[in-house]
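Peer 1: Contents of data-v8.txt (compact mmCIF, N, CA and C atoms) are given next:
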```
# COMPACT_ATOMS: atom_id res chain seq x y z
N MET J 1 -12.22 -12.88 29.61
CA MET J 1 -12.35 -12.14 28.37
C MET J 1 -11.19 -11.15 28.26
N GLN J 2 -10.56 -11.10 27.12
CA GLN J 2 -9.40 -10.24 26.90
C GLN J 2 -9.73 -8.76 27.11
N ILE J 3 -10.93 -8.38 26.81
CA ILE J 3 -11.32 -6.98 26.88
C ILE J 3 -11.19 -6.42 28.31
N ASP J 4 -11.32 -7.29 29.30
CA ASP J 4 -11.22 -6.85 30.69
C ASP J 4 -9.84 -6.29 31.01
N LYS J 5 -8.81 -6.76 30.31
CA LYS J 5 -7.45 -6.25 30.53
C LYS J 5 -7.33 -4.79 30.10
N LEU J 6 -8.17 -4.36 29.18
CA LEU J 6 -8.12 -2.99 28.67
C LEU J 6 -8.82 -1.98 29.57
N ARG J 7 -9.79 -2.44 30.29
CA ARG J 7 -10.67 -1.52 31.03
C ARG J 7 -9.89 -0.64 32.00
N GLY J 8 -10.30 0.62 32.06
CA GLY J 8 -9.68 1.55 32.99
C GLY J 8 -10.23 2.95 32.74
N LYS J 9 -9.95 3.84 33.67
CA LYS J 9 -10.49 5.20 33.61
C LYS J 9 -10.04 5.95 32.35
N ALA J 10 -8.77 5.84 31.99
CA ALA J 10 -8.25 6.58 30.83
C ALA J 10 -8.90 6.09 29.54
N LEU J 11 -9.04 4.78 29.41
CA LEU J 11 -9.65 4.24 28.19
C LEU J 11 -11.15 4.54 28.15
N ASP J 12 -11.80 4.49 29.31
CA ASP J 12 -13.21 4.89 29.37
C ASP J 12 -13.37 6.33 28.88
N GLN J 13 -12.47 7.20 29.29
CA GLN J 13 -12.52 8.61 28.86
C GLN J 13 -12.36 8.72 27.34
N LEU J 14 -11.42 7.94 26.79
CA LEU J 14 -11.21 7.96 25.34
C LEU J 14 -12.48 7.51 24.62
N PHE J 15 -13.05 6.40 25.04
CA PHE J 15 -14.26 5.89 24.38
C PHE J 15 -15.43 6.86 24.54
N ASP J 16 -15.55 7.45 25.71
CA ASP J 16 -16.61 8.45 25.92
C ASP J 16 -16.41 9.64 24.99
N ALA J 17 -15.15 10.04 24.79
CA ALA J 17 -14.86 11.14 23.86
C ALA J 17 -15.27 10.76 22.44
N VAL J 18 -14.93 9.56 22.01
CA VAL J 18 -15.30 9.11 20.66
C VAL J 18 -16.82 9.11 20.51
N LEU J 19 -17.53 8.69 21.55
CA LEU J 19 -18.99 8.63 21.48
C LEU J 19 -19.63 10.01 21.41
N THR J 20 -18.88 11.07 21.73
CA THR J 20 -19.45 12.42 21.62
C THR J 20 -19.36 12.97 20.19
N LEU J 21 -18.57 12.34 19.33
CA LEU J 21 -18.38 12.85 17.97
C LEU J 21 -19.68 12.72 17.19
N LYS J 22 -20.05 13.80 16.49
CA LYS J 22 -21.36 13.88 15.85
C LYS J 22 -21.36 13.46 14.39
N ASP J 23 -20.23 13.60 13.70
CA ASP J 23 -20.22 13.29 12.27
C ASP J 23 -18.79 12.96 11.83
N ARG J 24 -18.66 12.61 10.56
CA ARG J 24 -17.36 12.22 10.02
C ARG J 24 -16.34 13.35 10.13
N GLU J 25 -16.76 14.59 9.88
CA GLU J 25 -15.84 15.73 9.96
C GLU J 25 -15.26 15.86 11.37
N GLU J 26 -16.09 15.70 12.40
CA GLU J 26 -15.60 15.74 13.78
C GLU J 26 -14.62 14.60 14.04
N CYS J 27 -14.89 13.43 13.45
CA CYS J 27 -13.96 12.30 13.59
C CYS J 27 -12.61 12.64 12.97
N TYR J 28 -12.64 13.22 11.77
CA TYR J 28 -11.38 13.63 11.14
C TYR J 28 -10.61 14.58 12.04
N ARG J 29 -11.27 15.56 12.59
CA ARG J 29 -10.60 16.56 13.44
C ARG J 29 -10.03 15.92 14.70
N PHE J 30 -10.84 15.10 15.37
CA PHE J 30 -10.40 14.48 16.62
C PHE J 30 -9.25 13.51 16.39
N PHE J 31 -9.41 12.61 15.42
CA PHE J 31 -8.37 11.60 15.20
C PHE J 31 -7.10 12.22 14.64
N ASP J 32 -7.19 13.32 13.90
CA ASP J 32 -6.00 14.01 13.43
C ASP J 32 -5.20 14.56 14.60
N ASP J 33 -5.89 15.05 15.62
CA ASP J 33 -5.20 15.54 16.82
C ASP J 33 -4.69 14.40 17.69
N LEU J 34 -5.45 13.31 17.76
CA LEU J 34 -5.16 12.22 18.68
C LEU J 34 -4.06 11.29 18.19
N CYS J 35 -4.06 11.00 16.91
CA CYS J 35 -3.19 9.95 16.36
C CYS J 35 -2.25 10.50 15.29
N THR J 36 -1.20 9.73 15.06
CA THR J 36 -0.35 10.04 13.91
C THR J 36 -1.06 9.54 12.66
N MET J 37 -0.63 10.01 11.51
CA MET J 37 -1.21 9.55 10.25
C MET J 37 -1.04 8.04 10.11
N GLY J 38 0.13 7.53 10.51
CA GLY J 38 0.38 6.09 10.43
C GLY J 38 -0.56 5.28 11.30
N GLU J 39 -0.85 5.79 12.51
CA GLU J 39 -1.77 5.09 13.40
C GLU J 39 -3.18 5.05 12.81
N ILE J 40 -3.61 6.17 12.27
CA ILE J 40 -4.95 6.23 11.65
C ILE J 40 -5.01 5.27 10.47
N GLN J 41 -3.98 5.27 9.64
CA GLN J 41 -3.96 4.38 8.48
C GLN J 41 -3.95 2.92 8.90
N SER J 42 -3.23 2.59 9.97
CA SER J 42 -3.20 1.21 10.46
C SER J 42 -4.58 0.76 10.93
N LEU J 43 -5.27 1.63 11.65
CA LEU J 43 -6.62 1.30 12.12
C LEU J 43 -7.56 1.08 10.96
N SER J 44 -7.54 1.98 9.99
CA SER J 44 -8.45 1.84 8.85
C SER J 44 -8.08 0.63 8.01
N GLN J 45 -6.79 0.33 7.90
CA GLN J 45 -6.34 -0.84 7.15
C GLN J 45 -6.86 -2.12 7.81
N ARG J 46 -6.79 -2.21 9.12
CA ARG J 46 -7.27 -3.40 9.82
C ARG J 46 -8.76 -3.61 9.60
N LEU J 47 -9.52 -2.53 9.62
CA LEU J 47 -10.96 -2.66 9.38
C LEU J 47 -11.22 -3.14 7.96
N GLU J 48 -10.48 -2.62 6.99
CA GLU J 48 -10.64 -3.07 5.61
C GLU J 48 -10.22 -4.52 5.44
N VAL J 49 -9.14 -4.93 6.12
CA VAL J 49 -8.72 -6.33 6.09
C VAL J 49 -9.84 -7.21 6.65
N ALA J 50 -10.44 -6.80 7.75
CA ALA J 50 -11.54 -7.58 8.34
C ALA J 50 -12.70 -7.69 7.37
N ARG J 51 -13.05 -6.58 6.73
CA ARG J 51 -14.15 -6.60 5.76
C ARG J 51 -13.86 -7.58 4.64
N MET J 52 -12.62 -7.54 4.13
CA MET J 52 -12.25 -8.41 3.02
C MET J 52 -12.18 -9.87 3.44
N LEU J 53 -11.67 -10.15 4.65
CA LEU J 53 -11.65 -11.53 5.15
C LEU J 53 -13.07 -12.08 5.28
N MET J 54 -13.95 -11.26 5.83
CA MET J 54 -15.33 -11.70 6.02
C MET J 54 -16.06 -11.88 4.69
N ALA J 55 -15.57 -11.22 3.65
CA ALA J 55 -16.15 -11.37 2.31
C ALA J 55 -15.53 -12.56 1.57
N GLY J 56 -14.56 -13.23 2.21
CA GLY J 56 -13.99 -14.43 1.63
C GLY J 56 -12.76 -14.23 0.76
N ASN J 57 -12.16 -13.06 0.81
CA ASN J 57 -10.96 -12.80 0.01
C ASN J 57 -9.77 -13.58 0.56
N THR J 58 -8.83 -13.91 -0.33
CA THR J 58 -7.62 -14.62 0.07
C THR J 58 -6.61 -13.65 0.68
N TYR J 59 -5.68 -14.21 1.44
CA TYR J 59 -4.61 -13.39 2.01
C TYR J 59 -3.87 -12.64 0.90
N HIS J 60 -3.58 -13.36 -0.18
CA HIS J 60 -2.82 -12.76 -1.28
C HIS J 60 -3.57 -11.55 -1.85
N HIS J 61 -4.85 -11.70 -2.09
CA HIS J 61 -5.64 -10.60 -2.64
C HIS J 61 -5.70 -9.43 -1.65
N ILE J 62 -5.91 -9.73 -0.37
CA ILE J 62 -5.97 -8.68 0.65
C ILE J 62 -4.64 -7.94 0.73
N GLU J 63 -3.55 -8.69 0.71
CA GLU J 63 -2.21 -8.08 0.76
C GLU J 63 -2.01 -7.16 -0.44
N GLU J 64 -2.39 -7.60 -1.62
CA GLU J 64 -2.25 -6.79 -2.83
C GLU J 64 -3.10 -5.52 -2.76
N GLN J 65 -4.33 -5.64 -2.30
CA GLN J 65 -5.26 -4.52 -2.31
C GLN J 65 -5.02 -3.51 -1.19
N THR J 66 -4.57 -3.99 -0.02
CA THR J 66 -4.45 -3.10 1.14
C THR J 66 -3.02 -2.76 1.52
N GLY J 67 -2.08 -3.59 1.08
CA GLY J 67 -0.70 -3.41 1.50
C GLY J 67 -0.43 -3.95 2.89
N ALA J 68 -1.42 -4.61 3.48
CA ALA J 68 -1.25 -5.19 4.83
C ALA J 68 -0.31 -6.38 4.76
N SER J 69 0.46 -6.54 5.81
CA SER J 69 1.36 -7.69 5.89
C SER J 69 0.54 -8.94 6.22
N THR J 70 1.13 -10.10 5.95
CA THR J 70 0.44 -11.34 6.30
C THR J 70 0.27 -11.45 7.82
N ALA J 71 1.20 -10.87 8.58
CA ALA J 71 1.07 -10.87 10.04
C ALA J 71 -0.17 -10.07 10.48
N THR J 72 -0.39 -8.92 9.86
CA THR J 72 -1.58 -8.11 10.17
C THR J 72 -2.84 -8.85 9.78
N ILE J 73 -2.83 -9.45 8.60
CA ILE J 73 -4.00 -10.19 8.14
C ILE J 73 -4.30 -11.34 9.09
N SER J 74 -3.27 -12.06 9.51
CA SER J 74 -3.44 -13.17 10.45
C SER J 74 -3.98 -12.70 11.78
N ARG J 75 -3.49 -11.57 12.27
CA ARG J 75 -3.96 -11.04 13.54
C ARG J 75 -5.43 -10.67 13.46
N VAL J 76 -5.82 -10.02 12.38
CA VAL J 76 -7.22 -9.64 12.20
C VAL J 76 -8.08 -10.90 12.10
N LYS J 77 -7.61 -11.90 11.38
CA LYS J 77 -8.37 -13.16 11.24
C LYS J 77 -8.55 -13.82 12.60
N ARG J 78 -7.52 -13.81 13.45
CA ARG J 78 -7.65 -14.37 14.80
C ARG J 78 -8.72 -13.62 15.59
N CYS J 79 -8.74 -12.30 15.45
CA CYS J 79 -9.76 -11.51 16.15
C CYS J 79 -11.16 -11.84 15.64
N ILE J 80 -11.29 -12.04 14.34
CA ILE J 80 -12.59 -12.40 13.78
C ILE J 80 -13.03 -13.77 14.31
N ASN J 81 -12.09 -14.70 14.36
CA ASN J 81 -12.43 -16.06 14.77
C ASN J 81 -12.55 -16.25 16.28
N PHE J 82 -11.73 -15.53 17.04
CA PHE J 82 -11.65 -15.81 18.48
C PHE J 82 -11.79 -14.58 19.36
N GLY J 83 -12.10 -13.44 18.75
CA GLY J 83 -12.17 -12.19 19.51
C GLY J 83 -13.55 -11.93 20.09
N ASN J 84 -13.86 -10.67 20.25
CA ASN J 84 -15.10 -10.24 20.90
C ASN J 84 -16.20 -9.85 19.92
N GLU J 85 -16.03 -10.23 18.65
CA GLU J 85 -17.00 -9.96 17.59
C GLU J 85 -17.18 -8.48 17.29
N GLY J 86 -16.17 -7.69 17.61
CA GLY J 86 -16.22 -6.26 17.35
C GLY J 86 -16.21 -5.93 15.87
N TYR J 87 -15.36 -6.63 15.13
CA TYR J 87 -15.34 -6.39 13.68
C TYR J 87 -16.69 -6.74 13.06
N GLN J 88 -17.22 -7.91 13.43
CA GLN J 88 -18.49 -8.34 12.86
C GLN J 88 -19.60 -7.34 13.18
N MET J 89 -19.66 -6.90 14.42
CA MET J 89 -20.70 -5.98 14.86
C MET J 89 -20.64 -4.68 14.07
N THR J 90 -19.47 -4.09 13.98
CA THR J 90 -19.37 -2.79 13.32
C THR J 90 -19.54 -2.90 11.81
N LEU J 91 -18.99 -3.94 11.21
CA LEU J 91 -19.13 -4.08 9.75
C LEU J 91 -20.58 -4.38 9.36
N GLU J 92 -21.30 -5.14 10.18
CA GLU J 92 -22.72 -5.37 9.92
C GLU J 92 -23.51 -4.07 10.02
N ARG J 93 -23.18 -3.26 11.00
CA ARG J 93 -23.87 -1.97 11.15
C ARG J 93 -23.55 -1.04 9.98
N LEU J 94 -22.32 -1.04 9.53
CA LEU J 94 -21.96 -0.23 8.38
C LEU J 94 -22.76 -0.66 7.15
N LYS J 95 -22.90 -1.97 6.97
CA LYS J 95 -23.69 -2.49 5.84
C LYS J 95 -25.14 -2.04 5.93
N GLU J 96 -25.70 -2.12 7.12
CA GLU J 96 -27.10 -1.74 7.34
C GLU J 96 -27.32 -0.24 7.07
N ASN J 97 -26.34 0.56 7.45
CA ASN J 97 -26.48 2.02 7.32
C ASN J 97 -25.96 2.56 6.00
N GLY J 98 -25.30 1.69 5.22
CA GLY J 98 -24.64 2.16 4.03
C GLY J 98 -25.47 2.04 2.82
```
Is it possible to express this structure as structure tokens?

Peer 2:
Amino acid sequence: MQIDKLRGKALDQLFDAVLTLKDREECYRFFDDLCTMGEIQSLSQRLEVARMLMAGNTYHHIEEQTGASTATISRVKRCINFGNEGYQMTLERLKENG
């Protein structure tokens, strides 16, 4: 499994830190300190691309709506099709809670 390559003490600490965040405002504060604006936008763009792919949107429509490159869209699609189902899991939970 690809995820095993990521595992380590530093990444565990990062994920544990994220799990301590209590609300959206704390997320804004933490991620503003942790990441550049471009990094945050890239992460949110990938999640939106995944949502749109799973909803059946075309690459062209996704590119127009999100500004994502076809390479980014393809990478996200590979993760949806062959990854660890992380996008599916989180997007389903967002739907349930939204």

Peer 1: In Å, with one decimal, what is the gap from atom CA of Glu63 of chain J to atom N of Val76 of chain J?

Peer 2: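 So the answer is 12.3 Å.
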
Peer 1: Pull the helix (DSSP H, G or I) assignments for chain J out of DSSP run on the backbone, and list those residues as a VMD selection string.

Peer 2: chain J and resid 3 to 6 9 to 20 24 to 34 37 to 54 59 to 66 70 to 82 86 to 97

Peer 1: Closest to Asn57 of chain J among J:Lys77, J:Arg29, J:Arg7, J:Arg93, using only C-alpha atoms?

Peer 2: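 Under the stated criterion, the closest residue is J:Lys77.
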
Peer 1: Taking into account only C-alpha atoms, which residue in the set J:Gly86, J:Leu14, J:Arg46, J:Gly56 is nearest to Phe31 of chain J?

Peer 2: J:Leu14

Peer 1: Please, what distance in Å, to one decimal, runs between atom C of Lys22 of chain J and atom CA of Ala10 of chain J?

Peer 2: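 Value for the atom C of Lys22 of chain J-atom CA of Ala10 of chain J distance: 22.1 Å.
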
Peer 1: Would you work out the distance separating atom N of Glu92 of chain J from atom N of Arg78 of chain J, expressed in Å to one decimal?

Peer 2: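 Distance between the two atoms: 16.6 Å.
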
Peer 1: So, with only C-alpha atoms as the atoms that count, which of J:Gly67, J:Cys27, J:Asn97, J:Leu91 lies closest to Ala55 of chain J?

Peer 2: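 Closest to Ala55 of chain J of all the choices is J:Leu91.
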
Peer 1: Show me, as a PyMOL selection string, the residues that have an atom within 12 Å of Leu43 of chain J when counting only C-alpha atoms, minus same-chain residues fewer than 6 positions from it.

Peer 2: chain J and resi 31+35-37+49-50+68+72+76+87
